file input17.txt (compact mmCIF, C-alpha atoms)
# COMPACT_ATOMS: atom_id res chain seq x y z
CA MET C 1 -26.09 82.48 111.98
CA SER C 2 -29.05 84.77 111.41
CA ALA C 3 -29.83 86.19 107.99
CA GLN C 4 -28.95 89.68 109.24
CA ASN C 5 -25.37 88.65 110.01
CA GLN C 6 -24.72 86.77 106.79
CA PRO C 7 -22.38 88.51 104.30
CA LEU C 8 -23.72 89.52 100.90
CA HIS C 9 -23.20 86.99 98.16
CA PRO C 10 -20.33 88.06 95.84
CA SER C 11 -22.64 87.94 92.81
CA PHE C 12 -24.98 90.47 94.48
CA VAL C 13 -22.10 92.87 95.06
CA THR C 14 -21.01 92.45 91.46
CA LEU C 15 -24.43 92.90 89.90
CA TYR C 16 -25.69 95.73 92.08
CA ARG C 17 -22.95 98.30 92.53
CA VAL C 18 -23.89 101.57 94.23
CA GLU C 19 -23.07 103.44 91.03
CA ASP C 20 -25.40 101.20 89.01
CA ILE C 21 -28.25 101.77 91.47
CA LEU C 22 -27.71 105.54 91.54
CA THR C 23 -27.55 105.67 87.76
CA VAL C 24 -30.99 104.07 87.49
CA VAL C 25 -32.49 106.22 90.26
CA ALA C 26 -31.01 109.43 88.78
CA GLN C 27 -32.99 108.94 85.58
CA TRP C 28 -36.22 109.58 87.49
CA LEU C 29 -35.12 112.42 89.77
CA PRO C 30 -36.59 115.91 89.26
CA TRP C 31 -34.01 118.35 87.95
CA GLY C 32 -33.48 120.06 91.31
CA SER C 33 -32.93 116.77 93.14
CA LEU C 34 -30.56 115.61 90.42
CA ASN C 35 -28.38 118.65 91.09
CA LEU C 36 -28.37 117.93 94.82
CA LEU C 37 -26.97 114.50 93.98
CA ALA C 38 -23.76 116.26 92.90
CA PHE C 39 -23.08 117.08 96.58
CA TRP C 40 -23.32 113.46 97.72
CA PRO C 41 -20.25 111.34 98.37
CA ALA C 42 -18.84 109.42 95.40
CA PRO C 43 -20.21 108.21 93.05
CA GLY C 44 -22.99 110.82 93.44
CA PRO C 45 -21.19 113.69 91.65
CA SER C 46 -20.17 111.63 88.62
CA VAL C 47 -23.66 110.11 88.28
CA SER C 48 -25.22 113.59 88.52
CA TRP C 49 -22.90 115.01 85.83
CA GLN C 50 -23.57 112.13 83.45
CA GLU C 51 -27.36 112.26 83.90
CA LYS C 52 -27.50 116.03 83.40
CA ARG C 53 -25.44 115.64 80.24
CA ARG C 54 -27.80 112.91 78.99
CA ARG C 55 -30.91 115.04 79.60
CA VAL C 56 -29.51 118.10 77.83
CA PHE C 57 -28.34 116.01 74.88
CA ASP C 58 -31.73 114.28 74.70
CA ALA C 59 -33.53 117.64 74.74
CA ILE C 60 -31.61 118.97 71.72
CA SER C 61 -31.46 115.61 69.91
CA PRO C 62 -34.42 116.29 67.58
CA PHE C 63 -32.47 119.30 66.24
CA VAL C 64 -28.83 118.32 66.80
CA SER C 65 -27.90 114.63 66.62
CA ARG C 66 -25.98 113.14 69.51
CA THR C 67 -23.04 112.41 67.19
CA ILE C 68 -22.29 116.12 66.88
CA ALA C 69 -23.77 117.33 70.20
CA SER C 70 -20.36 117.82 71.83
CA ASP C 71 -19.12 119.75 68.79
CA PHE C 72 -22.29 121.84 68.86
CA PHE C 73 -21.79 122.85 72.50
CA ARG C 74 -18.09 123.46 71.94
CA GLU C 75 -18.95 125.96 69.20
CA LEU C 76 -21.77 127.42 71.33
CA GLU C 77 -19.36 127.98 74.21
CA SER C 78 -16.65 129.44 71.98
CA CYS C 79 -19.03 132.12 70.68
CA GLN C 80 -20.58 132.75 74.14
CA GLY C 81 -23.99 131.68 72.86
CA LEU C 82 -27.07 130.66 74.85
CA ILE C 83 -29.88 128.19 74.16
CA THR C 84 -33.33 129.47 75.10
CA GLY C 85 -36.96 128.44 74.61
CA SER C 86 -38.74 125.11 74.99
CA VAL C 87 -35.54 123.05 75.09
CA VAL C 88 -34.48 124.73 78.34
CA ARG C 89 -37.94 124.41 79.92
CA HIS C 90 -37.97 120.72 78.95
CA VAL C 91 -34.67 120.16 80.78
CA LEU C 92 -35.76 122.09 83.87
CA ARG C 93 -39.01 120.13 84.19
CA SER C 94 -37.54 116.70 83.46
CA GLY C 95 -37.84 113.92 86.05
CA LEU C 96 -40.29 111.58 87.74
CA HIS C 97 -43.10 114.01 88.61
CA GLU C 98 -43.19 115.84 85.31
CA ALA C 99 -44.13 114.81 81.79
CA PRO C 100 -42.80 117.83 79.85
CA TYR C 101 -44.01 118.56 76.37
CA PRO C 102 -41.33 117.59 73.80
CA PRO C 103 -39.19 120.58 72.74
CA PHE C 104 -40.66 122.21 69.64
CA ASP C 105 -37.94 124.78 68.89
CA LEU C 106 -34.26 125.43 69.48
CA ASN C 107 -33.52 129.13 69.95
CA ILE C 108 -29.98 130.47 70.25
CA ILE C 109 -28.76 133.95 71.22
CA VAL C 110 -25.24 135.00 70.20
CA PRO C 111 -23.30 138.27 70.51
CA LYS C 112 -22.65 140.40 67.45
CA GLY C 113 -19.83 139.38 65.13
CA VAL C 114 -19.41 135.78 66.33
CA GLY C 115 -20.91 132.34 65.79
CA ASN C 116 -19.82 131.73 62.19
CA SER C 117 -18.39 128.30 63.01
CA LEU C 118 -21.66 127.38 64.71
CA ARG C 119 -23.57 128.36 61.58
CA VAL C 120 -21.19 126.32 59.42
CA LEU C 121 -21.73 123.29 61.66
CA LEU C 122 -25.51 123.53 61.18
CA ARG C 123 -25.20 123.96 57.41
CA ASP C 124 -22.87 120.96 57.20
CA ASN C 125 -25.59 118.91 58.89
CA GLY C 126 -28.32 119.69 56.39
CA TYR C 127 -29.75 123.01 57.58
CA ILE C 128 -30.62 125.81 55.16
CA ASP C 129 -30.71 129.30 56.64
CA TYR C 130 -32.72 132.45 55.89
CA ASP C 131 -32.43 135.96 57.31
CA ARG C 132 -35.47 137.37 59.06
CA ASP C 133 -36.30 140.74 60.57
CA PRO C 134 -36.48 140.63 64.36
CA PRO C 135 -39.96 140.93 65.91
CA ARG C 136 -40.87 144.56 66.41
CA ASP C 137 -41.25 144.25 70.17
CA LEU C 138 -37.76 142.70 70.45
CA ALA C 139 -35.98 145.16 68.14
CA LEU C 140 -34.31 146.91 71.07
CA SER C 141 -32.60 143.70 72.18
CA ILE C 142 -32.25 141.69 68.93
CA VAL C 143 -30.58 143.08 65.82
CA LYS C 144 -30.81 140.07 63.49
CA VAL C 145 -32.65 136.73 63.27
CA GLU C 146 -31.52 133.73 61.20
CA LEU C 147 -33.86 130.78 60.68
CA PHE C 148 -32.23 127.39 60.03
CA GLU C 149 -34.56 124.80 58.50
CA LYS C 150 -34.17 121.07 57.79
CA TRP C 151 -36.48 118.21 56.85
CA HIS C 152 -36.16 115.27 59.28
CA GLU C 153 -37.06 112.08 57.45
CA GLY C 154 -37.38 109.96 60.59
CA LEU C 155 -39.70 112.41 62.37
CA ARG C 156 -41.44 113.31 59.09
CA LYS C 157 -41.43 117.02 59.86
CA ARG C 158 -39.41 120.17 59.44
CA LEU C 159 -37.04 121.24 62.20
CA TYR C 160 -36.25 124.85 62.97
CA ILE C 161 -33.32 126.44 64.77
CA THR C 162 -33.30 130.19 65.32
CA ILE C 163 -30.10 132.15 65.87
CA ALA C 164 -30.78 135.67 67.18
CA THR C 165 -27.94 138.20 67.31
CA ALA C 166 -28.09 140.33 70.45
CA ARG C 167 -28.02 144.09 69.96
CA LYS C 168 -26.20 144.74 73.25
CA SER C 169 -25.37 141.44 74.97
CA THR C 170 -26.83 137.95 75.32
CA LEU C 171 -27.72 138.73 78.93
CA HIS C 172 -29.61 141.88 77.92
CA ALA C 173 -31.50 139.94 75.25
CA LEU C 174 -32.40 137.22 77.76
CA VAL C 175 -33.92 139.53 80.39
CA SER C 176 -35.72 141.45 77.61
CA SER C 177 -37.89 138.40 76.84
CA ARG C 178 -41.66 138.61 76.49
CA SER C 179 -42.32 136.53 79.61
CA THR C 180 -40.50 134.97 82.54
CA ALA C 181 -40.97 131.58 80.84
CA ASP C 182 -38.33 132.64 78.31
CA MET C 183 -35.83 133.86 80.91
CA ASN C 184 -34.07 130.50 81.01
CA ALA C 185 -30.90 129.53 79.18
CA ILE C 186 -28.35 126.76 78.66
CA SER C 187 -24.71 127.59 78.08
CA GLY C 188 -21.81 125.21 77.64
CA ASP C 189 -21.50 124.70 81.39
CA THR C 190 -24.61 126.04 83.16
CA VAL C 191 -28.41 125.94 83.02
CA TYR C 192 -29.89 129.27 84.16
CA SER C 193 -33.39 130.10 85.34
CA PHE C 194 -34.25 133.66 86.38
CA TYR C 195 -37.70 132.66 87.67
CA PRO C 196 -37.32 129.00 88.69
CA ARG C 197 -40.36 128.93 90.98
CA THR C 198 -42.85 129.48 88.14
CA THR C 199 -40.79 127.78 85.42
CA LEU C 200 -40.59 124.50 87.31
CA GLN C 201 -44.40 124.59 87.61
CA GLY C 202 -44.90 125.17 83.89
CA GLU C 203 -45.96 128.79 84.27
CA GLY C 204 -44.79 132.17 83.05
CA LEU C 205 -45.68 135.79 83.79
CA GLU C 206 -45.89 138.31 80.96
CA VAL C 207 -43.56 141.31 80.91
CA MET C 208 -45.46 144.62 80.99
CA GLY C 209 -48.19 144.02 78.46
CA ARG C 210 -46.03 142.20 75.92
CA LEU C 211 -48.52 139.35 75.39
CA ALA C 212 -51.69 139.93 73.37
CA LYS C 213 -54.30 138.89 75.91
CA GLU C 214 -57.05 140.50 77.95
CA PRO C 215 -55.89 141.83 81.34
CA GLY C 216 -56.02 139.04 83.86
CA GLY C 217 -56.17 136.40 81.15
CA ARG C 218 -54.18 133.19 80.94
CA GLN C 219 -52.92 131.64 77.75
CA THR C 220 -51.94 127.99 77.51
CA GLY C 221 -49.07 127.38 75.16
CA LYS C 222 -47.54 124.13 74.02
CA ASP C 223 -45.53 123.64 77.19
CA VAL C 224 -46.31 126.57 79.49
CA VAL C 225 -49.25 128.58 80.86
CA LEU C 226 -48.70 132.34 80.44
CA SER C 227 -50.48 134.82 82.72
CA THR C 228 -50.86 138.57 82.84
CA ARG C 229 -51.41 138.59 86.61
CA ASN C 230 -50.06 136.64 89.55
CA ASP C 231 -53.16 136.75 91.73
CA HIS C 232 -53.27 132.93 91.73
CA TRP C 233 -49.95 132.64 93.60
CA THR C 234 -50.36 131.07 97.02
CA ARG C 235 -47.27 132.33 98.83
CA SER C 236 -45.22 135.49 99.12
CA CYS C 237 -43.33 136.49 95.97
CA GLY C 238 -40.01 137.17 97.64
CA VAL C 239 -37.31 138.07 95.15
CA TYR C 240 -39.60 137.02 92.27
CA CYS C 241 -42.12 139.82 92.85
CA PRO C 242 -42.97 141.31 89.43
CA MET C 243 -42.77 144.81 90.95
CA MET C 244 -39.17 144.33 92.01
CA HIS C 245 -36.45 146.05 90.02
CA ARG C 246 -33.99 143.22 89.77
CA LYS C 247 -30.37 143.77 88.81
CA THR C 248 -28.01 141.24 87.29
CA TYR C 249 -25.19 142.41 89.58
CA GLN C 250 -25.23 140.09 92.61
CA ASP C 251 -28.74 138.94 91.69
CA GLN C 252 -30.14 136.55 94.30
CA GLY C 253 -33.02 135.18 92.26
CA VAL C 254 -31.32 133.38 89.36
CA ALA C 255 -30.86 129.62 89.76
CA ARG C 256 -27.64 128.17 88.35
CA TYR C 257 -27.34 124.45 87.67
CA ARG C 258 -23.85 123.42 86.61
CA TRP C 259 -23.42 120.78 83.93
CA SER C 260 -20.87 119.91 81.23
CA TYR C 261 -21.03 118.63 77.66
CA LEU C 262 -17.74 116.82 78.32
CA THR C 263 -18.01 113.18 79.39
CA ASP C 264 -15.95 113.67 82.54
CA GLY C 265 -17.67 116.89 83.59
CA VAL C 266 -14.40 118.83 83.57
CA ARG C 267 -14.49 122.43 82.36
CA ALA C 268 -11.79 124.00 80.25
CA PRO C 269 -9.02 125.84 82.16
CA ALA C 270 -10.03 129.40 83.03
CA PRO C 271 -7.44 131.18 80.80
CA SER C 272 -8.65 129.36 77.67
CA ARG C 273 -12.36 129.42 78.50
CA PRO C 274 -14.38 132.17 76.76
CA GLU C 275 -16.35 134.73 78.74
CA SER C 276 -19.49 133.13 80.18
CA LEU C 277 -22.88 134.48 81.16
CA ASP C 278 -21.69 134.55 84.78
CA ASP C 279 -18.97 137.02 83.74
CA LEU C 280 -21.61 139.29 82.18
CA PHE C 281 -23.62 139.47 85.41
CA ASN C 282 -20.99 141.74 86.94
CA ARG C 283 -19.43 143.26 83.82
CA ASP C 284 -22.71 144.18 82.13
CA PRO C 285 -25.12 145.16 84.95
CA ILE C 286 -28.73 145.32 83.77
CA GLU C 287 -31.90 146.29 85.63
CA TRP C 288 -35.33 145.01 84.67
CA GLN C 289 -38.87 144.79 85.99
CA VAL C 290 -41.61 142.36 84.98
CA ASN C 291 -44.61 144.50 85.91
CA PRO C 292 -45.20 147.72 87.88
CA VAL C 293 -48.06 146.03 89.76
CA CYS C 294 -48.13 142.86 91.86
CA HIS C 295 -51.51 141.13 92.25
CA ASN C 296 -50.41 138.43 94.68
CA PRO C 297 -52.50 138.84 97.87
CA LYS C 298 -49.73 137.11 99.86
CA CYS C 299 -47.08 139.62 98.79
CA SER C 300 -46.06 142.75 100.72
CA GLY C 301 -45.45 144.47 97.39
CA MET C 302 -49.17 144.37 96.58
CA ALA C 303 -50.04 145.76 100.00
CA LEU C 304 -47.57 148.62 99.47
CA TYR C 305 -49.03 149.32 96.03
CA ASP C 306 -52.58 149.44 97.42
CA PHE C 307 -51.45 151.77 100.22
CA ARG C 308 -49.79 154.17 97.77
CA ARG C 309 -52.83 154.14 95.50
CA SER C 310 -55.24 154.89 98.35
CA TYR C 311 -52.95 157.65 99.65
CA LEU C 312 -52.69 159.35 96.24
CA SER C 313 -56.43 159.13 95.68
CA GLN C 314 -57.19 161.11 98.84
call {"tool": "encode", "arguments": {"input": "input17.txt", "output": "structure tokens"}}
result
Amino acid sequence: MSAQNQPLHPSFVTLYRVEDILTVVAQWLPWGSLNLLAFWPAPGPSVSWQEKRRRVFDAISPFVSRTIASDFFRELESCQGLITGSVVRHVLRSGLHEAPYPPFDLNIIVPKGVGNSLRVLLRDNGYIDYDRDPPRDLALSIVKVELFEKWHEGLRKRLYITIATARKSTLHALVSSRSTADMNAISGDTVYSFYPRTTLQGEGLEVMGRLAKEPGGRQTGKDVVLSTRNDHWTRSCGVYCPMMHRKTYQDQGVARYRWSYLTDGVRAPAPSRPESLDDLFNRDPIEWQVNPVCHNPKCSGMALYDFRRSYLSQ
């Protein structure tokens, strides 16, 4: 009997189950590929859910220990809050081909009048909070900022969590960010990215002169490169053109990656689940624009802008 026709040894089948192999491989998959794994036959979906949960928990672990991570997300979901900032970018760029900078802050946006139990949870775990005035350029979208601070003995540094109270809605506050790099969020069941093409490459585009740089300049942050122009883009902008007036209602540009803080990946029944960011997309329609000018030579928007400018100058 040839080696090709010989059955596998029972010990091989026992030691190397398909689920075990997928679990190891999933640890090195880029975030997008990891989400595609959820559409594979079993055990692909369960492996994908567990790995996404591990990555999100790992990203917040410097600020929120894994022992209370499920409680943290339960409170976050109950108050319809969103995580933003470097934690979300770290999750989106995790995987084999990326070496993301460790998260350096944990920012949370909550609606007005909610989130008290979330604040209590942080205080019970050693955080001391202070009230801060919102940044002047965000005063139209943020009404209040609370800074939670704690000394981490193991890391030998202070940890900071910011809770910002939205003036109108969490969705409005999110799309009112200073750059596209901040238009990413994690809720209790979904990771959102409004500009995934640039975010996954570690880039962000400023929103209408909100960043203090010279026109055309680029600023390298801790985990992202921020630009005032997109003239370095090498393909057509599509729905991510900075000139486009995007609307949250039926928006085609936002990427949604489902996940769950529950071990089995099961969401709460719809009647008992609080309103999510997805619900706000249709209930609270918002329009925004990144920049009135597109500098991408591959984009039809730039060609249209140049045509209008030449026509008006005649």
call {"tool": "closest_residue", "arguments": {"input": "input17.txt", "among": "C:His245, C:His172, C:Arg53, C:Arg89", "to": "Ser141 in chain C", "atoms": "all atoms listed in the file"}}
result
C:His172
call {"tool": "residues_near_point", "arguments": {"input": "input17.txt", "point": "(-36.7, 120.8, 64.3)", "cutoff": "10 Å", "atoms": "all atoms listed in the file", "output": "compact mmCIF listing (two decimals) with C-alpha atoms, in the coordinates of the input"}}
result
# COMPACT_ATOMS: atom_id res chain seq x y z
CA ILE C 60 -31.61 118.97 71.72
CA SER C 61 -31.46 115.61 69.91
CA PRO C 62 -34.42 116.29 67.58
CA PHE C 63 -32.47 119.30 66.24
CA VAL C 64 -28.83 118.32 66.80
CA PRO C 103 -39.19 120.58 72.74
CA PHE C 104 -40.66 122.21 69.64
CA ASP C 105 -37.94 124.78 68.89
CA LEU C 106 -34.26 125.43 69.48
CA TYR C 127 -29.75 123.01 57.58
CA PHE C 148 -32.23 127.39 60.03
CA GLU C 149 -34.56 124.80 58.50
CA LYS C 150 -34.17 121.07 57.79
CA TRP C 151 -36.48 118.21 56.85
CA HIS C 152 -36.16 115.27 59.28
CA LEU C 155 -39.70 112.41 62.37
CA LYS C 157 -41.43 117.02 59.86
CA ARG C 158 -39.41 120.17 59.44
CA LEU C 159 -37.04 121.24 62.20
CA TYR C 160 -36.25 124.85 62.97
CA ILE C 161 -33.32 126.44 64.77
call {"tool": "atom_distance", "arguments": {"input": "input17.txt", "atom1": "CA of Val47 in chain C", "atom2": "CA of Arg17 in chain C"}}
result
12.6 Å
call {"tool": "closest_residue", "arguments": {"input": "input17.txt", "among": "C:Tyr195, C:Tyr261, C:Phe281, C:Tyr249", "to": "Ser70 in chain C", "atoms": "only C-alpha atoms"}}
result
C:Tyr261
call {"tool": "residues_around", "arguments": {"input": "input17.txt", "residues": "range 26-29 of chain C", "least_positions_apart": "5", "cutoff": "9 Å", "atoms": "all atoms listed in the file", "output": "list in words"}}
result
Ile21, Leu34, Leu37, Val47, Ser48, Glu51, Arg55, Ser94, Gly95, Leu96 and His97 of chain C
call {"tool": "closest_residue", "arguments": {"input": "input17.txt", "among": "C:Val224, C:Leu174, C:Val120, C:Val239", "to": "Ile108 in chain C", "atoms": "only C-alpha atoms"}}
result
C:Leu174
call {"tool": "atom_distance", "arguments": {"input": "input17.txt", "atom1": "CA of Gly44 in chain C", "atom2": "CA of Val24 in chain C"}}
result
12.0 Å
call {"tool": "atom_distance", "arguments": {"input": "input17.txt", "atom1": "CA of Pro297 in chain C", "atom2": "CA of Thr234 in chain C"}}
result
8.1 Å
call {"tool": "closest_residue", "arguments": {"input": "input17.txt", "among": "C:Ser176, C:Thr190, C:Thr162, C:Ala185", "to": "Val290 in chain C", "atoms": "all atoms listed in the file"}}
result
C:Ser176
call {"tool": "closest_residue", "arguments": {"input": "input17.txt", "among": "C:Leu262, C:Ile142, C:Leu92, C:Ile163", "to": "Gln201 in chain C", "atoms": "all atoms listed in the file"}}
result
C:Leu92
call {"tool": "closest_residue", "arguments": {"input": "input17.txt", "among": "C:Leu36, C:Leu277, C:Val293, C:Ile186", "to": "Ala59 in chain C", "atoms": "all atoms listed in the file"}}
result
C:Ile186
call {"tool": "residues_around", "arguments": {"input": "input17.txt", "residues": "Ser46 in chain C", "least_positions_apart": "6", "cutoff": "12 Å", "atoms": "only C-alpha atoms", "output": "ChimeraX atom specification"}}
result
/C:19-20,22-23,26,34-35,37-40,52-53,259-260,262-266
call {"tool": "write_last_selection", "arguments": {"input": "input17.txt", "atoms": "C-alpha atoms", "output": "PDB file, in the coordinates of the input"}}
result
ATOM      1  CA  GLU C  19     -23.070 103.440  91.030  1.00  0.00           C
ATOM      2  CA  ASP C  20     -25.400 101.200  89.010  1.00  0.00           C
ATOM      3  CA  LEU C  22     -27.710 105.540  91.540  1.00  0.00           C
ATOM      4  CA  THR C  23     -27.550 105.670  87.760  1.00  0.00           C
ATOM      5  CA  ALA C  26     -31.010 109.430  88.780  1.00  0.00           C
ATOM      6  CA  LEU C  34     -30.560 115.610  90.420  1.00  0.00           C
ATOM      7  CA  ASN C  35     -28.380 118.650  91.090  1.00  0.00           C
ATOM      8  CA  LEU C  37     -26.970 114.500  93.980  1.00  0.00           C
ATOM      9  CA  ALA C  38     -23.760 116.260  92.900  1.00  0.00           C
ATOM     10  CA  PHE C  39     -23.080 117.080  96.580  1.00  0.00           C
ATOM     11  CA  TRP C  40     -23.320 113.460  97.720  1.00  0.00           C
ATOM     12  CA  LYS C  52     -27.500 116.030  83.400  1.00  0.00           C
ATOM     13  CA  ARG C  53     -25.440 115.640  80.240  1.00  0.00           C
ATOM     14  CA  TRP C 259     -23.420 120.780  83.930  1.00  0.00           C
ATOM     15  CA  SER C 260     -20.870 119.910  81.230  1.00  0.00           C
ATOM     16  CA  LEU C 262     -17.740 116.820  78.320  1.00  0.00           C
ATOM     17  CA  THR C 263     -18.010 113.180  79.390  1.00  0.00           C
ATOM     18  CA  ASP C 264     -15.950 113.670  82.540  1.00  0.00           C
ATOM     19  CA  GLY C 265     -17.670 116.890  83.590  1.00  0.00           C
ATOM     20  CA  VAL C 266     -14.400 118.830  83.570  1.00  0.00           C
TER      21      VAL C 266
END
call {"tool": "residues_around", "arguments": {"input": "input17.txt", "residues": "Glu75 in chain C", "least_positions_apart": "4", "cutoff": "8 Å", "atoms": "only C-alpha atoms", "output": "list in words"}}
result
Asp71, Cys79, Gly115, Ser117 and Leu118 of chain C
call {"tool": "residues_around", "arguments": {"input": "input17.txt", "residues": "Val254 in chain C", "least_positions_apart": "6", "cutoff": "12 Å", "atoms": "only C-alpha atoms", "output": "list in words"}}
result
Val175, Thr180, Met183, Asn184, Ala185, Thr190, Val191, Tyr192, Ser193, Phe194, Tyr195, Pro196, Arg197, Thr199, Val239, Tyr240, Arg246, Lys247, Thr248, Leu277, Asp278 and Phe281 of chain C
